file structure.tsv (TSV, C-alpha atoms (C1' of nucleotides))
chain	number	residue	atom	x	y	z
M	25	MET	CA	-23.61	12.05	4.16
M	26	ASP	CA	-21.90	10.95	1.00
M	27	GLN	CA	-19.63	13.89	0.51
M	28	PHE	CA	-16.24	14.86	1.83
M	29	VAL	CA	-16.73	17.96	3.95
M	30	SER	CA	-14.67	20.04	6.36
M	31	ALA	CA	-10.95	20.00	7.11
M	32	PHE	CA	-8.88	18.07	9.64
M	33	THR	CA	-5.22	18.05	10.49
M	34	ASN	CA	-3.67	14.82	11.71
M	35	LYS	CA	-0.22	13.71	12.72
M	36	ILE	CA	2.07	11.30	10.96
M	37	ASP	CA	3.55	8.86	13.48
M	38	THR	CA	7.03	7.38	13.56
M	39	LYS	CA	6.00	4.58	11.25
M	40	GLY	CA	4.59	6.99	8.68
M	41	ARG	CA	0.95	6.35	9.50
M	42	VAL	CA	-1.82	8.98	9.54
M	43	SER	CA	-5.39	8.62	10.68
M	44	VAL	CA	-7.88	9.33	7.95
M	45	PRO	CA	-10.62	11.52	9.47
M	46	ALA	CA	-13.50	9.36	10.62
M	47	SER	CA	-16.05	11.24	8.57
M	48	PHE	CA	-14.01	10.72	5.42
M	49	ARG	CA	-13.75	7.04	6.17
M	50	THR	CA	-17.52	6.85	6.38
M	51	VAL	CA	-17.83	8.37	2.94
M	52	LEU	CA	-15.15	6.10	1.52
M	53	ALA	CA	-16.87	3.05	2.94
M	54	LYS	CA	-19.83	3.66	0.65
M	55	ASP	CA	-17.68	4.31	-2.34
M	56	THR	CA	-14.85	2.02	-1.80
M	57	LEU	CA	-12.40	0.15	-3.81
M	58	ASP	CA	-10.90	-1.03	-0.58
M	59	GLY	CA	-8.54	1.86	-0.17
M	60	ILE	CA	-8.03	5.44	-1.18
M	61	TYR	CA	-7.31	6.32	-4.75
M	62	CYS	CA	-4.71	9.09	-4.59
M	63	TYR	CA	-2.52	11.07	-6.97
M	64	PRO	CA	-0.55	14.34	-7.03
M	65	SER	CA	-2.69	17.32	-7.98
M	66	LEU	CA	-1.71	18.59	-11.36
M	67	ASP	CA	-1.28	22.20	-10.41
M	68	ALA	CA	-1.08	22.41	-6.67
M	69	PRO	CA	1.35	21.03	-4.11
M	70	ALA	CA	-1.34	18.74	-2.80
M	71	LEU	CA	-2.73	15.25	-3.21
M	72	ASP	CA	-6.11	14.47	-4.70
M	73	ALA	CA	-7.92	11.52	-3.27
M	74	GLY	CA	-11.22	9.73	-3.38
M	75	GLY	CA	-12.97	6.44	-3.87
M	76	LYS	CA	-14.45	4.46	-6.70
M	77	ARG	CA	-16.40	7.40	-8.04
M	78	LEU	CA	-13.17	9.23	-8.67
M	79	VAL	CA	-11.61	6.24	-10.40
M	80	ASP	CA	-14.63	5.82	-12.63
M	81	LYS	CA	-14.37	9.43	-13.64
M	82	ILE	CA	-10.76	9.05	-14.62
M	83	ASN	CA	-11.45	5.83	-16.47
M	84	ALA	CA	-14.15	7.57	-18.47
M	85	LEU	CA	-11.71	10.28	-19.42
M	86	VAL	CA	-9.11	7.83	-20.64
M	87	GLU	CA	-11.55	5.52	-22.39
M	88	ASP	CA	-12.75	8.39	-24.49
M	89	LEU	CA	-9.47	8.62	-26.32
M	90	ALA	CA	-8.51	6.54	-29.32
M	91	PRO	CA	-6.71	3.29	-28.55
M	92	TYR	CA	-2.98	3.49	-29.14
M	93	SER	CA	-3.10	7.22	-29.59
M	94	ASP	CA	-0.33	9.20	-28.05
M	95	GLU	CA	-2.82	11.21	-26.05
M	96	LYS	CA	-4.32	8.17	-24.45
M	97	ASP	CA	-0.99	6.83	-23.30
M	98	GLN	CA	0.07	10.18	-22.00
M	99	LEU	CA	-3.12	10.77	-20.12
M	100	ALA	CA	-2.98	7.28	-18.68
M	101	THR	CA	0.64	7.81	-17.70
M	102	ALA	CA	-0.03	11.08	-15.97
M	103	LEU	CA	-3.08	9.74	-14.17
M	104	PHE	CA	-2.59	6.05	-13.47
M	105	GLY	CA	1.17	6.16	-13.48
M	106	THR	CA	1.33	8.65	-10.66
M	107	SER	CA	-1.55	7.25	-8.63
M	108	GLU	CA	-1.51	4.96	-5.68
M	109	ILE	CA	-4.14	2.86	-4.01
M	110	LEU	CA	-3.61	3.63	-0.36
M	111	SER	CA	-4.77	0.94	1.98
M	112	ILE	CA	-6.56	1.81	5.18
M	113	ASP	CA	-5.76	-0.34	8.17
M	114	GLN	CA	-8.36	-1.44	10.60
M	115	ASP	CA	-7.71	1.54	12.83
M	116	GLY	CA	-8.45	3.89	9.96
M	117	ARG	CA	-4.88	4.85	9.18
M	118	THR	CA	-3.03	5.01	5.90
M	119	MET	CA	0.53	5.55	4.75
M	120	LEU	CA	1.67	8.08	2.18
M	121	PRO	CA	4.48	6.89	-0.07
M	122	GLU	CA	7.54	9.09	-0.26
M	123	ARG	CA	6.74	10.16	-3.80
M	124	LEU	CA	3.39	11.60	-2.78
M	125	ARG	CA	4.66	13.20	0.41
M	126	GLU	CA	7.34	14.92	-1.56
M	127	HIS	CA	4.96	16.37	-4.10
M	128	ALA	CA	2.91	17.96	-1.35
M	129	GLY	CA	5.83	18.87	0.90
M	130	ILE	CA	4.27	16.81	3.68
M	131	THR	CA	6.51	15.90	6.59
M	132	THR	CA	4.95	15.61	10.04
M	133	HIS	CA	1.30	16.61	9.64
M	134	VAL	CA	-1.40	16.28	7.01
M	135	THR	CA	-4.43	18.47	6.48
M	136	PHE	CA	-7.37	16.62	4.96
M	137	VAL	CA	-9.67	18.93	3.04
M	138	GLY	CA	-13.10	17.86	1.84
M	139	LEU	CA	-14.08	18.97	-1.64
M	140	GLY	CA	-17.37	17.15	-2.04
M	141	GLU	CA	-16.85	14.08	-4.17
M	142	LYS	CA	-13.14	13.98	-3.48
M	143	PHE	CA	-10.72	15.39	-0.94
M	144	GLN	CA	-7.20	16.71	-0.81
M	145	MET	CA	-4.24	16.27	1.47
M	146	TRP	CA	-2.00	19.26	2.19
M	147	GLU	CA	0.94	20.23	4.24
M	148	PRO	CA	-0.84	22.35	6.90
M	149	LYS	CA	1.07	25.61	6.40
M	150	ARG	CA	0.71	25.42	2.68
M	151	PHE	CA	-2.96	24.79	2.96
M	152	GLU	CA	-3.41	27.82	5.17
M	153	ALA	CA	-1.83	29.98	2.52
M	154	HIS	CA	-3.80	28.31	-0.21
M	155	LEU	CA	-7.02	28.84	1.65
M	156	ALA	CA	-6.33	32.50	2.24
M	157	GLY	CA	-5.71	32.93	-1.46
M	158	ALA	CA	-8.82	31.02	-2.41
M	159	ARG	CA	-11.01	33.05	-0.11
M	160	GLN	CA	-9.66	36.28	-1.47
M	161	LYS	CA	-10.47	35.06	-4.95
M	162	VAL	CA	-14.01	34.25	-3.92
M	163	ARG	CA	-14.44	37.69	-2.40
M	164	ASP	CA	-13.27	39.31	-5.58
M	165	LEU	CA	-15.50	37.11	-7.65
M	166	ARG	CA	-18.48	37.90	-5.51
M	167	LYS	CA	-17.95	41.58	-5.93
M	168	LEU	CA	-18.18	41.13	-9.63
M	169	LEU	CA	-21.09	38.71	-9.66
M	170	GLY	CA	-23.21	39.93	-6.88
M	171	ALA	CA	-22.79	43.65	-7.02
M	172	GLY	CA	-26.52	43.91	-6.33
M	173	ARG	CA	-26.71	41.72	-3.23
M	174	ARG	CA	-24.80	42.19	-0.06
M	175	GLY	CA	-23.42	39.85	2.46
M	176	SER	CA	-20.54	42.21	2.91
M	177	GLY	CA	-17.59	40.71	4.63
M	178	GLY	CA	-19.75	38.77	6.99
M	179	PRO	CA	-20.52	35.10	7.42
M	180	GLU	CA	-18.02	32.64	6.11
M	181	GLY	CA	-19.75	30.19	3.91
M	182	ALA	CA	-16.61	28.17	3.69
M	183	ARG	CA	-14.65	26.13	6.11
M	184	GLU	CA	-12.10	27.28	8.54
S	22	MET	CA	-8.62	-3.54	-8.11
S	23	ASP	CA	-8.45	-4.91	-11.61
S	24	GLN	CA	-6.31	-2.21	-13.11
S	25	PHE	CA	-2.63	-1.53	-13.34
S	26	VAL	CA	-2.02	1.50	-11.18
S	27	SER	CA	1.04	3.30	-9.80
S	28	ALA	CA	4.72	3.01	-10.64
S	29	PHE	CA	7.48	0.85	-9.16
S	30	THR	CA	11.17	0.64	-9.88
S	31	ASN	CA	12.85	-2.71	-9.41
S	32	LYS	CA	16.33	-4.01	-9.89
S	33	ILE	CA	17.60	-6.49	-12.42
S	34	ASP	CA	19.88	-9.01	-10.73
S	35	THR	CA	23.02	-10.64	-12.05
S	36	LYS	CA	21.00	-13.36	-13.73
S	37	GLY	CA	18.72	-10.91	-15.52
S	38	ARG	CA	15.73	-11.38	-13.26
S	39	VAL	CA	13.33	-8.61	-12.14
S	40	SER	CA	10.50	-8.81	-9.68
S	41	VAL	CA	7.15	-7.87	-11.19
S	42	PRO	CA	5.42	-5.60	-8.68
S	43	ALA	CA	3.10	-7.60	-6.46
S	44	SER	CA	0.05	-5.50	-7.27
S	45	PHE	CA	0.61	-6.02	-10.99
S	46	ARG	CA	0.89	-9.73	-10.45
S	47	THR	CA	-2.46	-9.68	-8.71
S	48	VAL	CA	-4.06	-8.01	-11.69
S	49	LEU	CA	-2.38	-10.39	-14.11
S	50	ALA	CA	-3.57	-13.37	-12.12
S	51	LYS	CA	-7.17	-12.46	-12.88
S	52	ASP	CA	-6.45	-11.83	-16.51
S	53	THR	CA	-3.88	-14.36	-17.23
S	54	LEU	CA	-2.52	-16.18	-20.12
S	55	ASP	CA	0.04	-17.55	-17.75
S	56	GLY	CA	2.64	-14.94	-18.41
S	57	ILE	CA	2.99	-11.37	-19.53
S	58	TYR	CA	2.17	-10.34	-23.05
S	59	CYS	CA	4.84	-7.82	-24.00
S	60	TYR	CA	6.01	-5.87	-27.03
S	61	PRO	CA	7.97	-2.70	-27.80
S	62	SER	CA	5.83	0.43	-27.58
S	63	LEU	CA	5.11	1.81	-31.01
S	64	ASP	CA	6.15	5.36	-30.31
S	65	ALA	CA	8.15	5.37	-27.13
S	66	PRO	CA	11.36	3.78	-25.90
S	67	ALA	CA	9.38	1.54	-23.60
S	68	LEU	CA	7.68	-1.84	-23.46
S	69	ASP	CA	3.93	-2.35	-23.42
S	70	ALA	CA	2.67	-5.26	-21.41
S	71	GLY	CA	-0.48	-6.82	-20.07
S	72	GLY	CA	-2.60	-9.91	-19.89
S	73	LYS	CA	-5.36	-11.50	-21.88
S	74	ARG	CA	-7.44	-8.37	-21.98
S	75	LEU	CA	-4.66	-6.60	-23.80
S	76	VAL	CA	-4.29	-9.38	-26.33
S	77	ASP	CA	-8.02	-9.34	-26.98
S	78	LYS	CA	-7.96	-5.63	-27.51
S	79	ILE	CA	-5.17	-5.88	-30.01
S	80	ASN	CA	-6.95	-8.64	-31.83
S	81	ALA	CA	-10.06	-6.52	-32.06
S	82	LEU	CA	-8.05	-3.64	-33.36
S	83	VAL	CA	-6.46	-5.74	-36.08
S	84	GLU	CA	-9.71	-7.44	-37.01
S	85	ASP	CA	-11.31	-4.08	-37.57
S	86	LEU	CA	-9.09	-3.37	-40.51
S	87	ALA	CA	-10.01	-4.49	-43.99
S	88	PRO	CA	-8.92	-8.04	-44.68
S	89	TYR	CA	-5.87	-8.28	-46.90
S	90	SER	CA	-5.26	-4.57	-46.56
S	91	ASP	CA	-1.74	-3.35	-46.19
S	92	GLU	CA	-2.65	-1.66	-42.94
S	93	LYS	CA	-3.85	-4.84	-41.40
S	94	ASP	CA	-0.72	-6.74	-42.28
S	95	GLN	CA	1.47	-3.93	-41.11
S	96	LEU	CA	-0.26	-3.56	-37.80
S	97	ALA	CA	-0.31	-7.29	-37.23
S	98	THR	CA	3.37	-7.49	-38.00
S	99	ALA	CA	4.29	-4.53	-35.87
S	100	LEU	CA	2.42	-5.84	-32.86
S	101	PHE	CA	2.40	-9.62	-33.01
S	102	GLY	CA	5.70	-9.98	-34.76
S	103	THR	CA	7.58	-8.20	-32.05
S	104	SER	CA	5.71	-9.60	-29.08
S	105	GLU	CA	6.85	-12.03	-26.46
S	106	ILE	CA	5.11	-13.98	-23.76
S	107	LEU	CA	7.20	-13.47	-20.66
S	108	SER	CA	6.95	-16.14	-18.04
S	109	ILE	CA	6.76	-15.33	-14.35
S	110	ASP	CA	8.61	-17.62	-11.99
S	111	GLN	CA	7.25	-18.72	-8.67
S	112	ASP	CA	8.89	-15.83	-6.85
S	113	GLY	CA	7.16	-13.34	-9.12
S	114	ARG	CA	10.16	-12.54	-11.29
S	115	THR	CA	10.49	-12.36	-15.05
S	116	MET	CA	13.31	-11.96	-17.56
S	117	LEU	CA	13.42	-9.45	-20.40
S	118	PRO	CA	14.93	-10.67	-23.65
S	119	GLU	CA	17.81	-8.64	-25.01
S	120	ARG	CA	15.78	-7.30	-27.91
S	121	LEU	CA	13.18	-5.80	-25.62
S	122	ARG	CA	15.71	-4.41	-23.18
S	123	GLU	CA	17.49	-2.76	-26.04
S	124	HIS	CA	14.38	-1.09	-27.40
S	125	ALA	CA	13.75	0.50	-24.02
S	126	GLY	CA	17.38	1.16	-23.15
S	127	ILE	CA	16.97	-0.89	-19.99
S	128	THR	CA	20.13	-1.99	-18.22
S	129	THR	CA	20.10	-2.32	-14.44
S	130	HIS	CA	16.69	-1.12	-13.31
S	131	VAL	CA	13.14	-1.26	-14.63
S	132	THR	CA	10.31	1.12	-13.86
S	133	PHE	CA	6.89	-0.54	-14.10
S	134	VAL	CA	4.17	1.99	-14.88
S	135	GLY	CA	0.47	1.19	-14.58
S	136	LEU	CA	-1.73	2.56	-17.36
S	137	GLY	CA	-5.03	0.97	-16.35
S	138	GLU	CA	-5.64	-1.88	-18.74
S	139	LYS	CA	-1.97	-2.38	-19.48
S	140	PHE	CA	1.38	-1.34	-18.08
S	141	GLN	CA	4.72	-0.24	-19.42
S	142	MET	CA	8.32	-0.91	-18.55
S	143	TRP	CA	10.83	1.92	-18.78
S	144	GLU	CA	14.40	2.71	-18.08
S	145	PRO	CA	13.95	4.81	-14.91
S	146	LYS	CA	15.64	8.02	-16.09
S	147	ARG	CA	13.80	7.98	-19.37
S	148	PHE	CA	10.53	7.50	-17.63
S	149	GLU	CA	11.11	10.46	-15.39
S	150	ALA	CA	11.50	12.68	-18.41
S	151	HIS	CA	8.56	11.10	-20.16
S	152	LEU	CA	6.34	11.61	-17.14
S	153	ALA	CA	7.19	15.28	-16.87
S	154	GLY	CA	6.16	15.69	-20.49
S	155	ALA	CA	2.95	13.74	-20.04
S	156	ARG	CA	1.89	15.79	-17.04
S	157	GLN	CA	2.48	19.02	-18.89
S	158	LYS	CA	0.48	17.76	-21.81
S	159	VAL	CA	-2.42	16.82	-19.58
S	160	ARG	CA	-2.39	20.24	-17.99
S	161	ASP	CA	-2.65	21.80	-21.42
S	162	LEU	CA	-5.28	19.33	-22.50
S	163	ARG	CA	-7.37	20.07	-19.46
S	164	LYS	CA	-7.38	23.76	-20.18
S	165	LEU	CA	-8.91	22.97	-23.52
S	166	LEU	CA	-11.43	20.49	-22.20
S	167	GLY	CA	-12.40	22.48	-19.18
S	168	ALA	CA	-12.80	25.72	-21.07
S	169	GLY	CA	-16.20	24.75	-22.40
S	170	ARG	CA	-17.66	23.64	-19.11
S	171	ARG	CA	-18.70	25.58	-16.09
S	172	GLY	CA	-17.04	28.88	-15.41
S	173	SER	CA	-13.37	28.25	-14.96
S	174	GLY	CA	-12.87	27.33	-11.34
S	175	GLY	CA	-15.67	24.79	-11.22
S	176	PRO	CA	-14.65	21.56	-9.59
S	177	GLU	CA	-13.93	18.65	-11.87
S	178	GLY	CA	-13.09	19.66	-15.33
S	179	ALA	CA	-10.99	16.63	-15.12
S	180	ARG	CA	-9.31	16.32	-11.79
S	181	GLU	CA	-8.19	18.89	-9.36
I	28	DG	C1'	32.07	-32.59	-17.51
I	29	DC	C1'	30.89	-27.60	-18.22
I	30	DG	C1'	28.03	-23.73	-18.99
I	31	DC	C1'	23.49	-22.08	-18.96
I	32	DT	C1'	18.88	-22.00	-17.36
I	33	DT	C1'	15.31	-22.93	-14.01
I	34	DT	C1'	13.75	-24.17	-9.33
I	35	DC	C1'	14.27	-23.70	-4.51
I	36	DC	C1'	15.76	-21.58	-0.16
I	37	DA	C1'	17.53	-17.53	2.91
I	38	DT	C1'	17.74	-12.66	4.29
I	39	DT	C1'	16.06	-8.30	5.35
I	40	DG	C1'	13.22	-4.68	5.63
I	41	DA	C1'	8.60	-2.90	4.97
I	42	DC	C1'	3.88	-3.27	5.84
I	43	DG	C1'	-0.50	-5.11	7.92
I	44	DC	C1'	-2.67	-6.72	12.08
I	45	DC	C1'	-3.41	-6.60	16.86
I	46	DC	C1'	-3.84	-4.39	21.36
I	47	DA	C1'	-3.25	-0.33	24.64
I	48	DT	C1'	-3.81	4.55	26.03
I	49	DG	C1'	-5.74	9.00	26.58
I	50	DA	C1'	-8.60	12.68	25.14
I	51	DA	C1'	-12.86	14.32	23.41
I	52	DA	C1'	-17.61	13.91	22.16
I	53	DT	C1'	-22.06	11.72	23.23
I	54	DC	C1'	-25.42	9.67	25.85
I	55	DC	C1'	-28.19	8.88	29.86
I	56	DC	C1'	-30.46	9.60	33.89
I	57	DA	C1'	-31.45	11.70	37.90
J	26	DT	C1'	-29.78	20.72	33.01
J	27	DG	C1'	-25.58	19.03	34.97
J	28	DG	C1'	-22.36	15.42	35.71
J	29	DG	C1'	-20.83	10.93	35.40
J	30	DA	C1'	-20.60	6.85	32.34
J	31	DT	C1'	-19.89	5.20	27.72
J	32	DT	C1'	-18.37	5.37	23.08
J	33	DT	C1'	-15.62	7.19	19.41
J	34	DC	C1'	-11.24	8.69	17.67
J	35	DA	C1'	-6.56	9.77	17.17
J	36	DT	C1'	-2.20	8.02	18.37
J	37	DG	C1'	1.67	4.71	20.02
J	38	DG	C1'	4.00	0.34	19.97
J	39	DG	C1'	4.90	-5.01	19.44
J	40	DC	C1'	4.88	-8.70	16.31
J	41	DG	C1'	3.98	-11.75	12.31
J	42	DT	C1'	3.74	-11.96	7.31
J	43	DC	C1'	4.95	-10.88	2.72
J	44	DA	C1'	7.56	-8.80	-0.99
J	45	DA	C1'	12.01	-7.82	-3.14
J	46	DT	C1'	16.42	-9.50	-3.65
J	47	DG	C1'	20.55	-12.52	-3.37
J	48	DG	C1'	22.51	-16.88	-3.69
J	49	DA	C1'	22.59	-22.10	-3.78
J	50	DA	C1'	21.06	-26.33	-5.80
J	51	DA	C1'	19.21	-29.05	-9.45
J	52	DG	C1'	17.94	-30.01	-14.44
J	53	DC	C1'	19.36	-29.83	-19.50
J	54	DG	C1'	21.96	-29.37	-23.76
J	55	DC	C1'	26.52	-29.26	-25.84
call {"tool": "encode", "arguments": {"input": "structure.tsv", "output": "C-alpha cells"}}
result
Amino acid sequence: MDQFVSAFTNKIDTKGRVSVPASFRTVLAKDTLDGIYCYPSLDAPALDAGGKRLVDKINALVEDLAPYSDEKDQLATALFGTSEILSIDQDGRTMLPERLREHAGITTHVTFVGLGEKFQMWEPKRFEAHLAGARQKVRDLRKLLGAGRRGSGGPEGARE
Amino acid sequence: MDQFVSAFTNKIDTKGRVSVPASFRTVLAKDTLDGIYCYPSLDAPALDAGGKRLVDKINALVEDLAPYSDEKDQLATALFGTSEILSIDQDGRTMLPERLREHAGITTHVTFVGLGEKFQMWEPKRFEAHLAGARQKVRDLRKLLGAGRRGSGGPEGARE
DNA sequence: GCGCTTTCCATTGACGCCCATGAAATCCCA
DNA sequence: TGGGATTTCATGGGCGTCAATGGAAAGCGC
C-alpha cells in the first residue's frame, strides 16, 4: 500500500514523543525524505503531513511563480516558513514542536488521519467533531448527486 | 534535505553574534561560498540570504536583461550593491552589519525563515505580522486556483 | 598599552539512540 | 479449529551527543 489510510490515536509521552502509526511509517518509508514533512493546515486546526511527494507538490506550486514576485515570497513564507521536517526515531516516534501542537490544540493525544497521499494530525476531540461535520456534508452532497440511487443511511464508506 | 525549511528565533549576544540554525547550516554547507550571501529584501523589512544557488539565480536574472539597459544596471545595483557575504564562525554563528540590521529593524533577536531555495531574517514581531498576512493571502489565492479544478472539496487544490 | 575583533572553551538543556516492558495481532501446528 | 508460541507495536525510561549561548583568551590595529 502506498497510501495513508485509516485513523489512529496515540499518546504523547512525558518527553513529548508520539508513535507514528506503523502503517503510515511503511508508506513514508517508500516516499521518504528521512522524516515527515509537516505544516499547519491553512483552514483547520490540524497538521498536514506527508513525505517527498508532498514536498514536490509544494515546490511545484512555488516554482510556478515569478522569481522575486511578492506572491512567490508570500507563498514560500506561508508554506516553507511554517513547515517542519519531523524526524522519526528508530522506534517510529516523532516529536511535535510547540508551534505545531498549539495550532492544532494538541496536548496529550494525537489522532493520525490518513487522507491518501498525505495525512493529518488532530487533537482527538476536535477530530471527532470535524468528522461528524464532514460526514454530514457527504450525506447532504449525496442526496443532491445521487437522488436516483440509494444506499440510504447504510454502510459507512468512510473510516470510523 | 537541501532546502531551507521552518523558522527559528535566535538571540543576538552582547558581541553581536547570532547562531545560524543548524539545519540551515547543513543546507549552506552543500551550497556554499563559504559564508552567507545576504542583502536587504526588496520589498520587505527583512534580509534575504542563501548560498551559491541564490547567487547564481540572481546572476541569471540580471543577465536576462538587455545589456546596458537601465533596468539591468538598476537591478544589479539594488542587489549586488547592497549585498554582503556573512562569515560563519566555527560555532555556527554570524554577525549582521549595522546597515542590514537597520533595514530589518533587528535589535536583540532574529527570526530565520526558510523559503526553500533561500531564507530570510526578520525581527521576530514583524515576522509574526508578516506571516499572518502571507497565510491569509495564500488562502485567498488557493480559492482562486482551486476554483477551476475538481468540484470544490476535492483533495489537493494546493494543500489541505 | 588599550580597544576591538576573532578564536577557543564551558554550560545547560534538548534531542537522538538504546534497551525494556506489556499488550495485541499473527502464525503454526497439532 | 483452538491454543500456545512468536512477532509486531505502542509506550516508558536512562544516557550520550549536539546545538545554542555565555564568557574567557588570544590576535591585530591604533
call {"tool": "atom_distance", "arguments": {"input": "structure.tsv", "atom1": "atom CA of S:Val26", "atom2": "atom CA of S:Phe140"}}
result
8.2 Å
call {"tool": "closest_residue", "arguments": {"input": "structure.tsv", "among": "M:Arg150, M:His133, M:Lys81, M:Lys167", "to": "chain S", "atoms": "only C-alpha atoms"}}
result
M:Lys81
call {"tool": "interface_residues", "arguments": {"input": "structure.tsv", "of": "chain M", "to": "chain S", "cutoff": "6 Å", "atoms": "all atoms listed in the file", "output": "number ranges by chain"}}
result
M: 65, 98, 100-102, 104-108
call {"tool": "closest_atom_pairs", "arguments": {"input": "structure.tsv", "of": "chain M", "to": "chain J", "cutoff": "10 Å", "atoms": "only C-alpha atoms (C1' of nucleotides)", "output": "JSON lines"}}
result
{"residue": "M:Asn34", "atom": "CA", "partner": "J:DA35", "partner_atom": "C1'", "distance": 8.0}
{"residue": "M:Lys35", "atom": "CA", "partner": "J:DT36", "partner_atom": "C1'", "distance": 8.3}
{"residue": "M:Ile36", "atom": "CA", "partner": "J:DT36", "partner_atom": "C1'", "distance": 9.2}
{"residue": "M:Asp37", "atom": "CA", "partner": "J:DT36", "partner_atom": "C1'", "distance": 7.6}
{"residue": "M:Thr38", "atom": "CA", "partner": "J:DG37", "partner_atom": "C1'", "distance": 8.8}
{"residue": "M:Lys39", "atom": "CA", "partner": "J:DG37", "partner_atom": "C1'", "distance": 9.8}
{"residue": "M:Arg41", "atom": "CA", "partner": "J:DT36", "partner_atom": "C1'", "distance": 9.6}
{"residue": "M:Val42", "atom": "CA", "partner": "J:DT36", "partner_atom": "C1'", "distance": 8.9}
{"residue": "M:Ser43", "atom": "CA", "partner": "J:DA35", "partner_atom": "C1'", "distance": 6.7}
{"residue": "M:Val44", "atom": "CA", "partner": "J:DA35", "partner_atom": "C1'", "distance": 9.3}
{"residue": "M:Pro45", "atom": "CA", "partner": "J:DC34", "partner_atom": "C1'", "distance": 8.7}
{"residue": "M:Ala46", "atom": "CA", "partner": "J:DC34", "partner_atom": "C1'", "distance": 7.4}
{"residue": "M:Asp115", "atom": "CA", "partner": "J:DC34", "partner_atom": "C1'", "distance": 9.3}
{"residue": "M:Gly116", "atom": "CA", "partner": "J:DA35", "partner_atom": "C1'", "distance": 9.5}
{"residue": "M:Arg117", "atom": "CA", "partner": "J:DA35", "partner_atom": "C1'", "distance": 9.5}
call {"tool": "atom_distance", "arguments": {"input": "structure.tsv", "atom1": "atom CA of M:Asp113", "atom2": "atom C1' of I:DA37"}}
result
29.4 Å
call {"tool": "closest_atom_pairs", "arguments": {"input": "structure.tsv", "of": "chain I", "to": "chain M", "cutoff": "10 Å", "atoms": "only C-alpha atoms (C1' of nucleotides)", "output": "tab-separated table"}}
result
residue	atom	partner	partner_atom	distance
I:DC42	C1'	M:Met119	CA	9.5
I:DG43	C1'	M:Asp113	CA	7.1
I:DC44	C1'	M:Gln114	CA	7.9
I:DC45	C1'	M:Gln114	CA	9.5
call {"tool": "atom_distance", "arguments": {"input": "structure.tsv", "atom1": "atom CA of S:Val48", "atom2": "atom CA of S:Gly72"}}
result
8.5 Å
call {"tool": "residues_around", "arguments": {"input": "structure.tsv", "residues": "S:Thr132", "least_positions_apart": "3", "cutoff": "6 Å", "atoms": "all atoms listed in the file", "output": "list in words"}}
result
Phe29, Thr30, Met142, Trp143 and Pro145 of chain S
call {"tool": "write_last_selection", "arguments": {"input": "structure.tsv", "atoms": "C-alpha atoms", "output": "PDB file, keeping the file's coordinate frame"}}
result
ATOM      1  CA  PHE S  29       7.480   0.850  -9.160  1.00  0.00           C
ATOM      2  CA  THR S  30      11.170   0.640  -9.880  1.00  0.00           C
ATOM      3  CA  MET S 142       8.320  -0.910 -18.550  1.00  0.00           C
ATOM      4  CA  TRP S 143      10.830   1.920 -18.780  1.00  0.00           C
ATOM      5  CA  PRO S 145      13.950   4.810 -14.910  1.00  0.00           C
TER       6      PRO S 145
END
call {"tool": "axis_aligned_box", "arguments": {"input": "structure.tsv", "around": "stretch 43-53 of chain J", "padding_each_side": "5 Å", "output": "AutoDock Vina command-line options"}}
result
--center_x 13.8 --center_y -18.9 --center_z -8.4 --size_x 27.6 --size_y 32.2 --size_z 32.2
